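Participant: So that you have it, the file is query-v9.cif, and it contains mmCIF, C-alpha atoms and all ligand atoms:
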data_model
loop_
_atom_site.group_PDB
_atom_site.id
_atom_site.type_symbol
_atom_site.label_atom_id
_atom_site.label_comp_id
_atom_site.auth_asym_id
_atom_site.auth_seq_id
_atom_site.Cartn_x
_atom_site.Cartn_y
_atom_site.Cartn_z
ATOM 1 C CA MET A 201 32.371 6.907 18.850
ATOM 2 C CA GLN A 202 33.801 5.829 22.191
ATOM 3 C CA ARG A 203 31.072 3.259 22.588
ATOM 4 C CA SER A 204 31.491 1.608 19.200
ATOM 5 C CA ARG A 205 35.236 1.270 19.745
ATOM 6 C CA LEU A 206 34.555 -0.636 22.937
ATOM 7 C CA LEU A 207 32.237 -2.988 21.078
ATOM 8 C CA LEU A 208 34.742 -3.857 18.360
ATOM 9 C CA PRO A 209 36.556 -6.685 20.188
ATOM 10 C CA ALA A 210 33.191 -8.420 20.598
ATOM 11 C CA LEU A 211 32.849 -8.950 16.850
ATOM 12 C CA THR A 212 32.877 -12.603 15.951
ATOM 13 C CA MET A 213 34.873 -14.085 13.106
ATOM 14 C CA SER A 214 31.739 -14.551 11.025
ATOM 15 C CA ALA A 215 30.837 -10.878 11.417
ATOM 16 C CA LEU A 216 34.334 -9.916 10.316
ATOM 17 C CA ALA A 217 34.025 -12.262 7.367
ATOM 18 C CA LEU A 218 30.828 -10.457 6.382
ATOM 19 C CA PHE A 219 32.601 -7.113 6.464
ATOM 20 C CA ALA A 220 35.303 -8.567 4.291
ATOM 21 C CA GLN A 221 32.759 -9.271 1.532
ATOM 22 C CA VAL A 222 31.814 -5.615 1.226
ATOM 23 C CA PRO A 223 33.500 -4.246 -1.870
ATOM 24 C CA ALA A 224 36.242 -1.723 -1.179
ATOM 25 C CA GLY A 225 34.987 1.843 -1.055
ATOM 26 C CA GLY A 226 31.311 0.996 -0.495
ATOM 27 C CA ALA A 227 29.169 -0.079 2.440
ATOM 28 C CA ALA A 228 26.669 -2.924 2.058
ATOM 29 C CA PRO A 229 23.295 -1.507 0.984
ATOM 30 C CA ALA A 230 20.700 -1.173 3.744
ATOM 31 C CA MET A 231 17.824 -3.579 3.160
ATOM 32 C CA GLU A 232 14.113 -3.270 3.817
ATOM 33 C CA TRP A 233 11.069 -5.555 3.506
ATOM 34 C CA ARG A 234 8.556 -4.641 0.828
ATOM 35 C CA GLU A 235 5.150 -6.052 0.160
ATOM 36 C CA VAL A 236 4.995 -7.985 -3.143
ATOM 37 C CA PHE A 237 1.757 -8.794 -4.970
ATOM 38 C CA ASN A 238 1.824 -11.952 -7.049
ATOM 39 C CA GLU A 239 -0.292 -12.437 -10.140
ATOM 40 C CA ASP A 240 -2.214 -15.338 -8.550
ATOM 41 C CA GLY A 241 -3.402 -12.926 -5.811
ATOM 42 C CA SER A 242 -1.043 -14.189 -3.114
ATOM 43 C CA ILE A 243 1.012 -11.625 -1.217
ATOM 44 C CA THR A 244 4.562 -12.006 0.073
ATOM 45 C CA GLN A 245 7.465 -9.885 1.231
ATOM 46 C CA ALA A 246 10.762 -9.223 -0.537
ATOM 47 C CA LEU A 247 13.955 -8.085 1.140
ATOM 48 C CA THR A 248 15.029 -5.274 -1.146
ATOM 49 C CA PRO A 249 17.919 -2.798 -1.060
ATOM 50 C CA LYS A 250 16.692 0.556 0.267
ATOM 51 C CA ALA A 251 16.427 3.443 -2.156
ATOM 52 C CA PRO A 252 19.414 5.782 -2.147
ATOM 53 C CA ALA A 253 18.715 9.352 -0.983
ATOM 54 C CA GLU A 254 15.833 10.425 -3.219
ATOM 55 C CA LYS A 255 15.972 13.526 -5.371
ATOM 56 C CA SER A 256 13.193 16.105 -5.144
ATOM 57 C CA SER A 257 10.894 16.945 -8.038
ATOM 58 C CA ASP A 258 11.766 19.505 -10.655
ATOM 59 C CA PHE A 259 10.035 22.676 -9.388
ATOM 60 C CA ARG A 260 8.878 23.606 -12.897
ATOM 61 C CA ALA A 261 7.183 20.215 -13.275
ATOM 62 C CA LEU A 262 5.537 20.681 -9.867
ATOM 63 C CA ALA A 263 4.327 24.180 -10.799
ATOM 64 C CA ALA A 264 2.917 22.920 -14.098
ATOM 65 C CA ALA A 265 0.990 19.932 -12.672
ATOM 66 C CA GLU A 266 -2.765 20.356 -12.732
ATOM 67 C CA VAL A 267 -4.979 18.956 -9.978
ATOM 68 C CA ILE A 268 -8.225 17.508 -11.358
ATOM 69 C CA PRO A 269 -11.107 16.627 -9.030
ATOM 70 C CA VAL A 270 -12.308 13.109 -9.929
ATOM 71 C CA GLN A 271 -14.945 13.179 -7.226
ATOM 72 C CA VAL A 272 -15.448 15.870 -4.584
ATOM 73 C CA THR A 273 -18.274 15.209 -2.156
ATOM 74 C CA GLY A 274 -17.457 17.633 0.640
ATOM 75 C CA ASP A 275 -14.889 19.554 2.644
ATOM 76 C CA SER A 276 -11.605 17.643 3.035
ATOM 77 C CA ALA A 277 -11.864 18.022 6.834
ATOM 78 C CA ASP A 278 -14.921 15.757 6.657
ATOM 79 C CA ARG A 279 -13.748 13.335 3.970
ATOM 80 C CA PHE A 280 -11.127 10.701 3.191
ATOM 81 C CA ASP A 281 -8.935 12.147 0.449
ATOM 82 C CA LEU A 282 -7.426 9.747 -2.068
ATOM 83 C CA VAL A 283 -4.804 11.241 -4.378
ATOM 84 C CA PHE A 284 -3.631 9.662 -7.629
ATOM 85 C CA VAL A 285 -0.311 10.634 -9.182
ATOM 86 C CA GLY A 286 0.922 9.180 -12.470
ATOM 87 C CA ASP A 287 4.321 8.319 -13.874
ATOM 88 C CA GLY A 288 5.426 7.790 -17.442
ATOM 89 C CA TYR A 289 2.443 9.641 -18.908
ATOM 90 C CA THR A 290 3.436 12.316 -21.420
ATOM 91 C CA ALA A 291 1.097 15.224 -22.265
ATOM 92 C CA GLU A 292 -0.279 13.017 -25.073
ATOM 93 C CA ASP A 293 -0.869 10.174 -22.588
ATOM 94 C CA LEU A 294 -3.036 12.188 -20.182
ATOM 95 C CA THR A 295 -6.217 10.757 -21.704
ATOM 96 C CA THR A 296 -4.942 7.252 -20.902
ATOM 97 C CA TYR A 297 -4.005 8.418 -17.394
ATOM 98 C CA THR A 298 -7.475 9.874 -16.806
ATOM 99 C CA ALA A 299 -9.046 6.584 -17.924
ATOM 100 C CA ASN A 300 -6.660 4.606 -15.688
ATOM 101 C CA VAL A 301 -7.532 6.703 -12.620
ATOM 102 C CA LYS A 302 -11.243 6.351 -13.364
ATOM 103 C CA SER A 303 -11.091 2.557 -13.701
ATOM 104 C CA LYS A 304 -8.987 2.139 -10.543
ATOM 105 C CA TRP A 305 -11.421 4.281 -8.509
ATOM 106 C CA GLU A 306 -14.396 2.371 -9.949
ATOM 107 C CA GLU A 307 -12.809 -0.952 -9.010
ATOM 108 C CA LEU A 308 -11.978 0.261 -5.511
ATOM 109 C CA SER A 309 -15.327 1.861 -4.820
ATOM 110 C CA ALA A 310 -17.193 -1.307 -5.843
ATOM 111 C CA VAL A 311 -15.710 -3.240 -2.906
ATOM 112 C CA GLU A 312 -17.326 -3.022 0.551
ATOM 113 C CA PRO A 313 -17.095 -1.060 2.740
ATOM 114 C CA PHE A 314 -16.000 1.525 0.124
ATOM 115 C CA ALA A 315 -19.202 0.942 -1.861
ATOM 116 C CA THR A 316 -21.324 2.050 1.106
ATOM 117 C CA TYR A 317 -19.038 4.947 2.042
ATOM 118 C CA LYS A 318 -17.891 6.143 -1.378
ATOM 119 C CA GLU A 319 -19.776 9.416 -0.990
ATOM 120 C CA TYR A 320 -17.418 10.212 1.894
ATOM 121 C CA PHE A 321 -14.364 10.125 -0.351
ATOM 122 C CA ASN A 322 -12.757 12.947 -2.233
ATOM 123 C CA VAL A 323 -10.671 11.677 -5.132
ATOM 124 C CA TRP A 324 -8.011 13.823 -6.763
ATOM 125 C CA GLN A 325 -5.944 13.247 -9.872
ATOM 126 C CA VAL A 326 -2.650 15.111 -10.139
ATOM 127 C CA ASN A 327 -1.634 15.355 -13.783
ATOM 128 C CA VAL A 328 2.076 14.670 -13.520
ATOM 129 C CA VAL A 329 3.580 15.044 -16.996
ATOM 130 C CA SER A 330 6.634 12.948 -17.906
ATOM 131 C CA ALA A 331 9.097 13.554 -20.727
ATOM 132 C CA GLU A 332 8.832 9.945 -21.946
ATOM 133 C CA SER A 333 6.107 7.287 -22.042
ATOM 134 C CA GLY A 334 6.342 4.188 -19.838
ATOM 135 C CA VAL A 335 8.347 3.198 -16.777
ATOM 136 C CA ASP A 336 11.855 1.821 -16.230
ATOM 137 C CA HIS A 337 12.716 -1.837 -16.975
ATOM 138 C CA ASP A 338 9.512 -2.348 -18.988
ATOM 139 C CA PRO A 339 9.139 -4.544 -20.939
ATOM 140 C CA THR A 340 12.770 -5.593 -20.479
ATOM 141 C CA LYS A 341 15.250 -5.043 -17.695
ATOM 142 C CA GLY A 342 17.698 -2.247 -18.405
ATOM 143 C CA LEU A 343 15.364 -0.223 -20.618
ATOM 144 C CA LEU A 344 15.209 3.197 -18.927
ATOM 145 C CA LYS A 345 12.713 6.040 -19.409
ATOM 146 C CA ASN A 346 12.975 9.698 -18.420
ATOM 147 C CA THR A 347 9.909 10.107 -16.206
ATOM 148 C CA ALA A 348 8.770 12.487 -13.470
ATOM 149 C CA LEU A 349 8.573 9.970 -10.593
ATOM 150 C CA ASP A 350 11.357 7.496 -11.544
ATOM 151 C CA MET A 351 9.052 4.483 -11.409
ATOM 152 C CA GLY A 352 10.455 1.101 -12.347
ATOM 153 C CA PHE A 353 9.983 -2.667 -12.170
ATOM 154 C CA TRP A 354 12.498 -4.831 -10.243
ATOM 155 C CA CYS A 355 12.035 -2.090 -7.585
ATOM 156 C CA GLN A 356 13.682 0.490 -9.849
ATOM 157 C CA GLY A 357 16.252 -2.152 -10.788
ATOM 158 C CA ARG A 358 17.462 -2.654 -7.185
ATOM 159 C CA ASP A 359 15.809 -6.028 -6.515
ATOM 160 C CA ALA A 360 17.275 -8.684 -8.783
ATOM 161 C CA ASN A 361 14.640 -11.257 -7.755
ATOM 162 C CA THR A 362 11.280 -9.504 -7.954
ATOM 163 C CA GLU A 363 10.272 -8.296 -11.410
ATOM 164 C CA ARG A 364 6.713 -7.238 -10.495
ATOM 165 C CA LEU A 365 7.844 -4.994 -7.628
ATOM 166 C CA LEU A 366 7.027 -1.551 -9.033
ATOM 167 C CA CYS A 367 8.871 1.075 -6.972
ATOM 168 C CA VAL A 368 8.576 4.851 -7.186
ATOM 169 C CA ASN A 369 10.532 7.853 -5.901
ATOM 170 C CA GLU A 370 8.289 8.370 -2.863
ATOM 171 C CA THR A 371 9.642 11.861 -2.179
ATOM 172 C CA LYS A 372 8.598 13.017 -5.639
ATOM 173 C CA ALA A 373 5.252 11.189 -5.505
ATOM 174 C CA LYS A 374 4.402 12.884 -2.192
ATOM 175 C CA GLU A 375 5.452 16.311 -3.476
ATOM 176 C CA PHE A 376 3.020 16.011 -6.371
ATOM 177 C CA ALA A 377 0.282 14.544 -4.148
ATOM 178 C CA ALA A 378 0.664 17.521 -1.794
ATOM 179 C CA LEU A 379 -0.688 19.747 -4.582
ATOM 180 C CA ALA A 380 -4.154 18.311 -3.830
ATOM 181 C CA PRO A 381 -6.125 20.037 -1.022
ATOM 182 C CA GLN A 382 -5.521 17.048 1.269
ATOM 183 C CA SER A 383 -3.957 13.624 0.965
ATOM 184 C CA ASP A 384 -4.831 10.681 3.208
ATOM 185 C CA GLN A 385 -3.483 8.027 0.835
ATOM 186 C CA VAL A 386 -1.369 8.399 -2.295
ATOM 187 C CA ILE A 387 -1.673 5.930 -5.173
ATOM 188 C CA ALA A 388 0.971 6.177 -7.888
ATOM 189 C CA LEU A 389 -0.051 4.688 -11.241
ATOM 190 C CA GLY A 390 2.590 3.722 -13.784
ATOM 191 C CA ASN A 391 1.923 3.935 -17.500
ATOM 192 C CA THR A 392 2.214 0.222 -18.172
ATOM 193 C CA THR A 393 0.055 -2.810 -18.880
ATOM 194 C CA LYS A 394 2.432 -5.172 -17.086
ATOM 195 C CA TYR A 395 1.141 -6.419 -13.725
ATOM 196 C CA GLY A 396 2.885 -4.871 -10.752
ATOM 197 C CA GLY A 397 2.709 -2.773 -7.629
ATOM 198 C CA ALA A 398 4.046 -2.213 -4.139
ATOM 199 C CA GLY A 399 2.713 -1.253 -0.727
ATOM 200 C CA GLY A 400 3.534 1.614 1.582
ATOM 201 C CA SER A 401 2.620 5.231 2.288
ATOM 202 C CA VAL A 402 2.702 5.564 -1.484
ATOM 203 C CA ALA A 403 0.991 2.488 -2.971
ATOM 204 C CA THR A 404 1.897 1.773 -6.593
ATOM 205 C CA ALA A 405 0.009 -0.054 -9.325
ATOM 206 C CA SER A 406 0.192 -0.559 -13.083
ATOM 207 C CA GLY A 407 -2.248 1.925 -14.586
ATOM 208 C CA SER A 408 -3.417 -0.185 -17.528
ATOM 209 C CA ASN A 409 -3.483 -3.582 -15.798
ATOM 210 C CA ALA A 410 -7.001 -4.490 -14.688
ATOM 211 C CA GLN A 411 -5.846 -6.638 -11.772
ATOM 212 C CA ALA A 412 -3.574 -4.009 -10.247
ATOM 213 C CA GLY A 413 -6.433 -2.020 -8.669
ATOM 214 C CA GLN A 414 -6.727 -4.744 -6.036
ATOM 215 C CA ILE A 415 -3.379 -3.599 -4.666
ATOM 216 C CA ALA A 416 -4.836 -0.208 -3.733
ATOM 217 C CA ILE A 417 -7.772 -1.873 -1.972
ATOM 218 C CA HIS A 418 -5.422 -3.990 0.149
ATOM 219 C CA GLU A 419 -3.285 -0.948 0.959
ATOM 220 C CA LEU A 420 -6.322 1.004 2.138
ATOM 221 C CA GLY A 421 -6.982 -1.871 4.550
ATOM 222 C CA HIS A 422 -3.668 -0.889 6.157
ATOM 223 C CA SER A 423 -3.924 2.884 5.876
ATOM 224 C CA ILE A 424 -7.610 3.348 6.735
ATOM 225 C CA GLY A 425 -8.429 0.303 8.846
ATOM 226 C CA GLY A 426 -5.050 -0.130 10.556
ATOM 227 C CA LEU A 427 -5.349 -3.805 9.580
ATOM 228 C CA ALA A 428 -2.477 -6.263 9.762
ATOM 229 C CA ASP A 429 -1.500 -8.505 6.870
ATOM 230 C CA GLU A 430 -3.097 -11.920 7.219
ATOM 231 C CA TYR A 431 -0.485 -13.837 5.193
ATOM 232 C CA ASP A 432 2.138 -15.905 6.970
ATOM 233 C CA TYR A 433 5.331 -15.219 5.036
ATOM 234 C CA PRO A 434 8.334 -15.083 5.797
ATOM 235 C CA TYR A 435 8.703 -16.070 9.479
ATOM 236 C CA ALA A 436 8.153 -19.351 11.411
ATOM 237 C CA ASN A 437 6.808 -19.089 14.958
ATOM 238 C CA TYR A 438 5.566 -15.967 16.776
ATOM 239 C CA THR A 439 6.441 -15.593 20.449
ATOM 240 C CA GLY A 440 5.868 -11.845 20.963
ATOM 241 C CA THR A 441 3.113 -9.939 22.775
ATOM 242 C CA GLU A 442 -0.515 -9.689 21.636
ATOM 243 C CA PRO A 443 -0.527 -7.627 18.397
ATOM 244 C CA ARG A 444 -2.418 -4.326 18.563
ATOM 245 C CA GLU A 445 -4.140 -4.838 15.189
ATOM 246 C CA ILE A 446 -7.753 -5.966 15.539
ATOM 247 C CA ASN A 447 -7.593 -8.653 12.821
ATOM 248 C CA VAL A 448 -4.806 -10.807 14.291
ATOM 249 C CA THR A 449 -4.364 -12.462 17.671
ATOM 250 C CA LYS A 450 -1.984 -14.827 19.452
ATOM 251 C CA ASP A 451 -4.911 -16.308 21.397
ATOM 252 C CA PRO A 452 -6.019 -19.589 19.721
ATOM 253 C CA THR A 453 -9.520 -19.219 21.235
ATOM 254 C CA GLY A 454 -10.055 -15.979 19.288
ATOM 255 C CA ALA A 455 -11.523 -14.238 22.369
ATOM 256 C CA LYS A 456 -10.549 -10.907 20.743
ATOM 257 C CA TRP A 457 -13.429 -11.535 18.299
ATOM 258 C CA ALA A 458 -15.873 -12.924 20.891
ATOM 259 C CA GLU A 459 -18.989 -11.278 19.456
ATOM 260 C CA TYR A 460 -18.094 -12.390 15.905
ATOM 261 C CA LEU A 461 -17.164 -16.049 16.490
ATOM 262 C CA GLY A 462 -19.256 -18.415 14.391
ATOM 263 C CA GLN A 463 -20.840 -15.566 12.414
ATOM 264 C CA PRO A 464 -20.678 -15.709 8.598
ATOM 265 C CA SER A 465 -18.077 -13.420 7.006
ATOM 266 C CA PRO A 466 -18.309 -11.705 3.568
ATOM 267 C CA ASP A 467 -15.114 -13.420 2.378
ATOM 268 C CA GLY A 468 -16.662 -16.859 2.975
ATOM 269 C CA GLY A 469 -17.042 -19.201 5.931
ATOM 270 C CA VAL A 470 -17.459 -18.074 9.519
ATOM 271 C CA ILE A 471 -15.253 -16.118 11.916
ATOM 272 C CA ALA A 472 -12.984 -18.659 13.658
ATOM 273 C CA PRO A 473 -9.240 -18.449 14.425
ATOM 274 C CA VAL A 474 -7.058 -19.805 11.601
ATOM 275 C CA GLU A 475 -3.360 -20.237 12.342
ATOM 276 C CA GLY A 476 -0.888 -18.253 10.243
ATOM 277 C CA ALA A 477 -1.006 -14.455 10.089
ATOM 278 C CA ARG A 478 1.027 -11.242 10.145
ATOM 279 C CA TYR A 479 4.170 -12.850 8.595
ATOM 280 C CA TYR A 480 4.196 -15.912 10.924
ATOM 281 C CA LYS A 481 3.243 -19.503 10.064
ATOM 282 C CA THR A 482 2.465 -20.409 13.666
ATOM 283 C CA GLY A 483 1.650 -18.609 16.925
ATOM 284 C CA LEU A 484 -0.628 -15.986 15.308
ATOM 285 C CA TYR A 485 -4.210 -16.360 14.101
ATOM 286 C CA ARG A 486 -6.395 -14.626 11.496
ATOM 287 C CA PRO A 487 -10.204 -14.386 11.660
ATOM 288 C CA THR A 488 -10.949 -16.181 8.348
ATOM 289 C CA GLY A 489 -9.177 -18.338 5.800
ATOM 290 C CA ASN A 490 -8.746 -15.925 2.942
ATOM 291 C CA SER A 491 -9.636 -12.234 3.168
ATOM 292 C CA ILE A 492 -8.125 -9.483 0.977
ATOM 293 C CA MET A 493 -5.553 -8.856 3.709
ATOM 294 C CA ARG A 494 -4.180 -12.267 2.655
ATOM 295 C CA THR A 495 -5.138 -12.653 -1.015
ATOM 296 C CA LEU A 496 -6.007 -10.011 -3.618
ATOM 297 C CA GLY A 497 -9.405 -10.274 -5.274
ATOM 298 C CA LYS A 498 -11.123 -11.376 -2.045
ATOM 299 C CA GLN A 499 -13.425 -9.402 0.275
ATOM 300 C CA PHE A 500 -12.508 -7.926 3.645
ATOM 301 C CA ASN A 501 -13.666 -10.222 6.451
ATOM 302 C CA SER A 502 -16.247 -8.796 8.867
ATOM 303 C CA ILE A 503 -13.560 -7.899 11.446
ATOM 304 C CA GLY A 504 -11.700 -5.881 8.798
ATOM 305 C CA ARG A 505 -14.840 -4.385 7.337
ATOM 306 C CA ASP A 506 -16.049 -3.150 10.737
ATOM 307 C CA ALA A 507 -12.585 -1.758 11.580
ATOM 308 C CA MET A 508 -12.724 0.290 8.386
ATOM 309 C CA ILE A 509 -16.221 1.566 9.092
ATOM 310 C CA LYS A 510 -15.052 2.600 12.575
ATOM 311 C CA ALA A 511 -12.117 4.444 10.973
ATOM 312 C CA PHE A 512 -14.439 6.202 8.507
ATOM 313 C CA LYS A 513 -16.524 7.394 11.445
ATOM 314 C CA ALA A 514 -13.429 8.662 13.270
ATOM 315 C CA LYS A 515 -12.190 10.469 10.160
ATOM 316 C CA ILE A 516 -15.515 11.839 8.954
ATOM 317 C CA PRO A 517 -17.200 13.859 11.752
ATOM 318 C CA SER A 518 -20.554 14.195 9.976
ATOM 319 C CA LEU A 519 -21.053 10.398 10.060
ATOM 320 C CA ASN A 520 -21.344 10.663 13.847
ATOM 321 C CA GLU A 521 -23.924 13.436 14.027
ATOM 322 C CA PRO A 522 -26.945 12.199 15.946
ATOM 323 C CA VAL A 523 -30.142 11.972 13.951
ATOM 324 C CA THR A 524 -32.393 14.737 15.256
ATOM 325 C CA PRO A 525 -35.886 13.421 16.020
ATOM 326 C CA PRO A 526 -38.710 15.465 14.513
ATOM 327 C CA ALA A 527 -40.021 18.198 16.808
ATOM 328 C CA PRO A 528 -43.274 17.273 18.580
ATOM 329 C CA GLN A 529 -46.351 18.737 16.918
HETATM 330 ZN ZN ZN B 601 -0.260 -5.608 3.198
#
Show the structure stored in the file as structure tokens.
Facilitator:
Amino acid sequence: MQRSRLLLPALTMSALALFAQVPAGGAAPAMEWREVFNEDGSITQALTPKAPAEKSSDFRALAAAEVIPVQVTGDSADRFDLVFVGDGYTAEDLTTYTANVKSKWEELSAVEPFATYKEYFNVWQVNVVSAESGVDHDPTKGLLKNTALDMGFWCQGRDANTERLLCVNETKAKEFAALAPQSDQVIALGNTTKYGGAGGSVATASGSNAQAGQIAIHELGHSIGGLADEYDYPYANYTGTEPREINVTKDPTGAKWAEYLGQPSPDGGVIAPVEGARYYKTGLYRPTGNSIMRTLGKQFNSIGRDAMIKAFKAKIPSLNEPVTPPAPQ
């Protein structure tokens, strides 16, 4: 308290003017950047009001939710566990939900390196039952539904600019996901055909929109591979230190990728530094022109693909067991 009082005289007129715009009785909402997925595959960021303190799930709904194994290939200690939760699916809609989970997993597991490593995934489906079908603000803004995870377009109505930003009550989504034996990444599907999604520790996607599965693939690039975004929105020039992520560098020679330079990459072209990455137009470089960390529907580049394989090996101990040579006869 003492400290902030001392700082008060330092406030400039413009800062005071800002305070004056805050309506009486309420503070300005805290803002946060959220990843937005456009229908043409491009990815941007939206500055969106933060969610108010989130309510917890109804304990009866939690107790009633069934956990269905979609694919179980081994002990969770030796697997990557992907957990689907659904919102806006009533008891009658669970068949649709099951089909939505199946198609999203099929889409995801067809993309490398998931295709090669899909047997090292456990996939769980938590049957979250909602009172009403659909999600908020779908198809029109202002139309509200009583659902278990409070999912809604326009980031639950908070972001006046970004219709396709599908936000969820992350507290509730994680509570339901925790019913599965283990959860390394949560994907919340909304019962809608309208394109939408959002990134984060809980990735969201429209359950019945064929394109929306790409969002989960991109998010797993972050959560499994520790990969940076390769798009260059919203900032101008980067002047910070060398980023820790393997797929971006501030070094225009691309020395970070020395053993890859000039090699062909699965997303097209060869590995060579391209300016514009990790939210900056200049001063940061990406390894290829257009990988899935920049545009949905594309492949991971070889830097990203190898980072994910390395992460699989770190997460899945049995992948590292040495092959025992046959005993001499
Ligand atoms: Zn991203």
Participant: Can you check which parts of region 359-396 of chain A lie within 7 Å of region 235-259 of chain A? Per residue, the shortest pair of atoms and distance in Å to one decimal, counting all atoms listed in the file, sorted by chain and number, as JSON lines.
Facilitator:
{"residue": "A:Asp359", "atom": "CA", "partner": "A:Thr248", "partner_atom": "CA", "distance": 5.5}
{"residue": "A:Leu365", "atom": "CA", "partner": "A:Val236", "partner_atom": "CA", "distance": 6.1}
{"residue": "A:Asn369", "atom": "CA", "partner": "A:Glu254", "partner_atom": "CA", "distance": 6.5}
{"residue": "A:Thr371", "atom": "CA", "partner": "A:Ser256", "partner_atom": "CA", "distance": 6.3}
{"residue": "A:Lys372", "atom": "CA", "partner": "A:Ser257", "partner_atom": "CA", "distance": 5.1}
Participant: How would you write as a short mmCIF file (atom, residue, chain, number, x, y, z; two decimals) with C-alpha atoms, keeping the file's coordinate frame the residues that get within 8 Å of (-11.6, 14.3, 2.4) in the file's frame, counting all atoms listed in the file?
Facilitator:
data_model
loop_
_atom_site.label_atom_id
_atom_site.label_comp_id
_atom_site.auth_asym_id
_atom_site.auth_seq_id
_atom_site.Cartn_x
_atom_site.Cartn_y
_atom_site.Cartn_z
CA GLY A 274 -17.46 17.63 0.64
CA ASP A 275 -14.89 19.55 2.64
CA SER A 276 -11.60 17.64 3.04
CA ALA A 277 -11.86 18.02 6.83
CA ASP A 278 -14.92 15.76 6.66
CA ARG A 279 -13.75 13.34 3.97
CA PHE A 280 -11.13 10.70 3.19
CA ASP A 281 -8.94 12.15 0.45
CA LEU A 282 -7.43 9.75 -2.07
CA TYR A 320 -17.42 10.21 1.89
CA PHE A 321 -14.36 10.12 -0.35
CA ASN A 322 -12.76 12.95 -2.23
CA GLN A 382 -5.52 17.05 1.27
CA SER A 383 -3.96 13.62 0.96
CA ASP A 384 -4.83 10.68 3.21
#
Participant: Name the residues captured by the PyMOL selection byres (((not hetatm)) within 12 of (chain B and resi 601)) when it is applied to the shown file; answer as a PyMOL selection string.
Facilitator: chain A and resi 233-237+242-245+397-401+403+414-423+425-433+477-479+491-496
Participant: Can you tell me, as a short mmCIF file (atom, residue, chain, number, x, y, z; two decimals) with C-alpha atoms, in the coordinates of the input, which residues sit within 12 Å of (-0.7, -7.4, -21.1) in the file's frame, using only C-alpha atoms?
Facilitator:
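selection_6.cif written:
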data_model
loop_
_atom_site.label_atom_id
_atom_site.label_comp_id
_atom_site.auth_asym_id
_atom_site.auth_seq_id
_atom_site.Cartn_x
_atom_site.Cartn_y
_atom_site.Cartn_z
CA ASP A 338 9.51 -2.35 -18.99
CA PRO A 339 9.14 -4.54 -20.94
CA THR A 392 2.21 0.22 -18.17
CA THR A 393 0.06 -2.81 -18.88
CA LYS A 394 2.43 -5.17 -17.09
CA TYR A 395 1.14 -6.42 -13.72
CA GLY A 396 2.88 -4.87 -10.75
CA SER A 406 0.19 -0.56 -13.08
CA GLY A 407 -2.25 1.92 -14.59
CA SER A 408 -3.42 -0.18 -17.53
CA ASN A 409 -3.48 -3.58 -15.80
CA ALA A 410 -7.00 -4.49 -14.69
CA GLN A 411 -5.85 -6.64 -11.77
CA ALA A 412 -3.57 -4.01 -10.25
#
Participant: Env of Glu475 (chain A): 6 Å cut, atoms = all atoms listed in the file, seq-sep filter 6 positions within chain, self excluded. Answer as a PDB file with C-alpha atoms, keeping the file's coordinate frame.
Facilitator:
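After the write, out_10.pdb holds the following:
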ATOM      1  CA  THR A 482       2.465 -20.409  13.666  1.00  0.00           C
ATOM      2  CA  LEU A 484      -0.628 -15.986  15.308  1.00  0.00           C
ATOM      3  CA  TYR A 485      -4.210 -16.360  14.101  1.00  0.00           C
TER       4      TYR A 485
END
Participant: Nearest to Gln499 (chain A): which of A:Pro466, A:Pro452, A:Pro487, A:Gly357 is it, counting only C-alpha atoms?
Facilitator: A:Pro466
Participant: Pull out every residue that the PyMOL selection byres (((chain A and resi 440) around 10) and not hetatm) matches in the shown coordinates and put them as a PyMOL selection string.
Facilitator: chain A and resi 437-439+441-443+450+483-484
Participant: Which distance in Å separates CA of Gln271 (chain A) and CA of Lys498 (chain A), to one decimal?
Facilitator: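 CA of Gln271 (chain A) sits 25.4 Å away from CA of Lys498 (chain A).
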Participant: Go through A:Ala458, A:Ile503, A:Ala380, A:Ala388 and flag the residue nearest Glu445 (chain A), using only C-alpha atoms for the distances.
Facilitator: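 Smallest distance to Glu445 (chain A) is found for A:Ile503.
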Participant: Return the single residue from A:Thr347, A:Ser465, A:Ser333, A:Ser502 that is closest to Ile446 (chain A), with distances computed using all atoms listed in the file.
Facilitator: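 Checking each candidate against Ile446 (chain A), we get A:Ser502 as the closest.
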Participant: Neighbouring residues of Asp336 (chain A) were defined as those with any atom within 9 Å, considering only C-alpha atoms; residues of the same chain fewer than 3 positions away were excluded. Please report them as a CSV table (one decimal) with C-alpha atoms, in the frame of the given file.
Facilitator:
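Result went into around28.csv, see below:
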chain,number,residue,atom,x,y,z
A,288,GLY,CA,5.4,7.8,-17.4
A,339,PRO,CA,9.1,-4.5,-20.9
A,340,THR,CA,12.8,-5.6,-20.5
A,341,LYS,CA,15.2,-5.0,-17.7
A,342,GLY,CA,17.7,-2.2,-18.4
A,343,LEU,CA,15.4,-0.2,-20.6
A,344,LEU,CA,15.2,3.2,-18.9
A,345,LYS,CA,12.7,6.0,-19.4
A,346,ASN,CA,13.0,9.7,-18.4
A,347,THR,CA,9.9,10.1,-16.2
A,350,ASP,CA,11.4,7.5,-11.5
A,351,MET,CA,9.1,4.5,-11.4
A,352,GLY,CA,10.5,1.1,-12.3
A,353,PHE,CA,10.0,-2.7,-12.2
A,354,TRP,CA,12.5,-4.8,-10.2
A,356,GLN,CA,13.7,0.5,-9.8
A,357,GLY,CA,16.3,-2.2,-10.8
Participant: Record the distance separating CA of Phe512 (chain A) and CA of Tyr480 (chain A), expressed in Å with one decimal.
Facilitator: 29.0 Å
Participant: Figure out the distance between CA of Tyr317 (chain A) and CA of Phe284 (chain A), please, to one decimal in Å.
Facilitator: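 Computing the Euclidean distance for CA of Phe284 (chain A) and CA of Tyr317 (chain A) yields 18.8 Å.
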Participant: Residues picked by the PyMOL selection byres (((chain A and resi 323-326) around 8) and not hetatm) here, as a PyMOL selection string?
Facilitator: chain A and resi 265-272+281-286+298+301+321-322+327-328+376-377+379-380
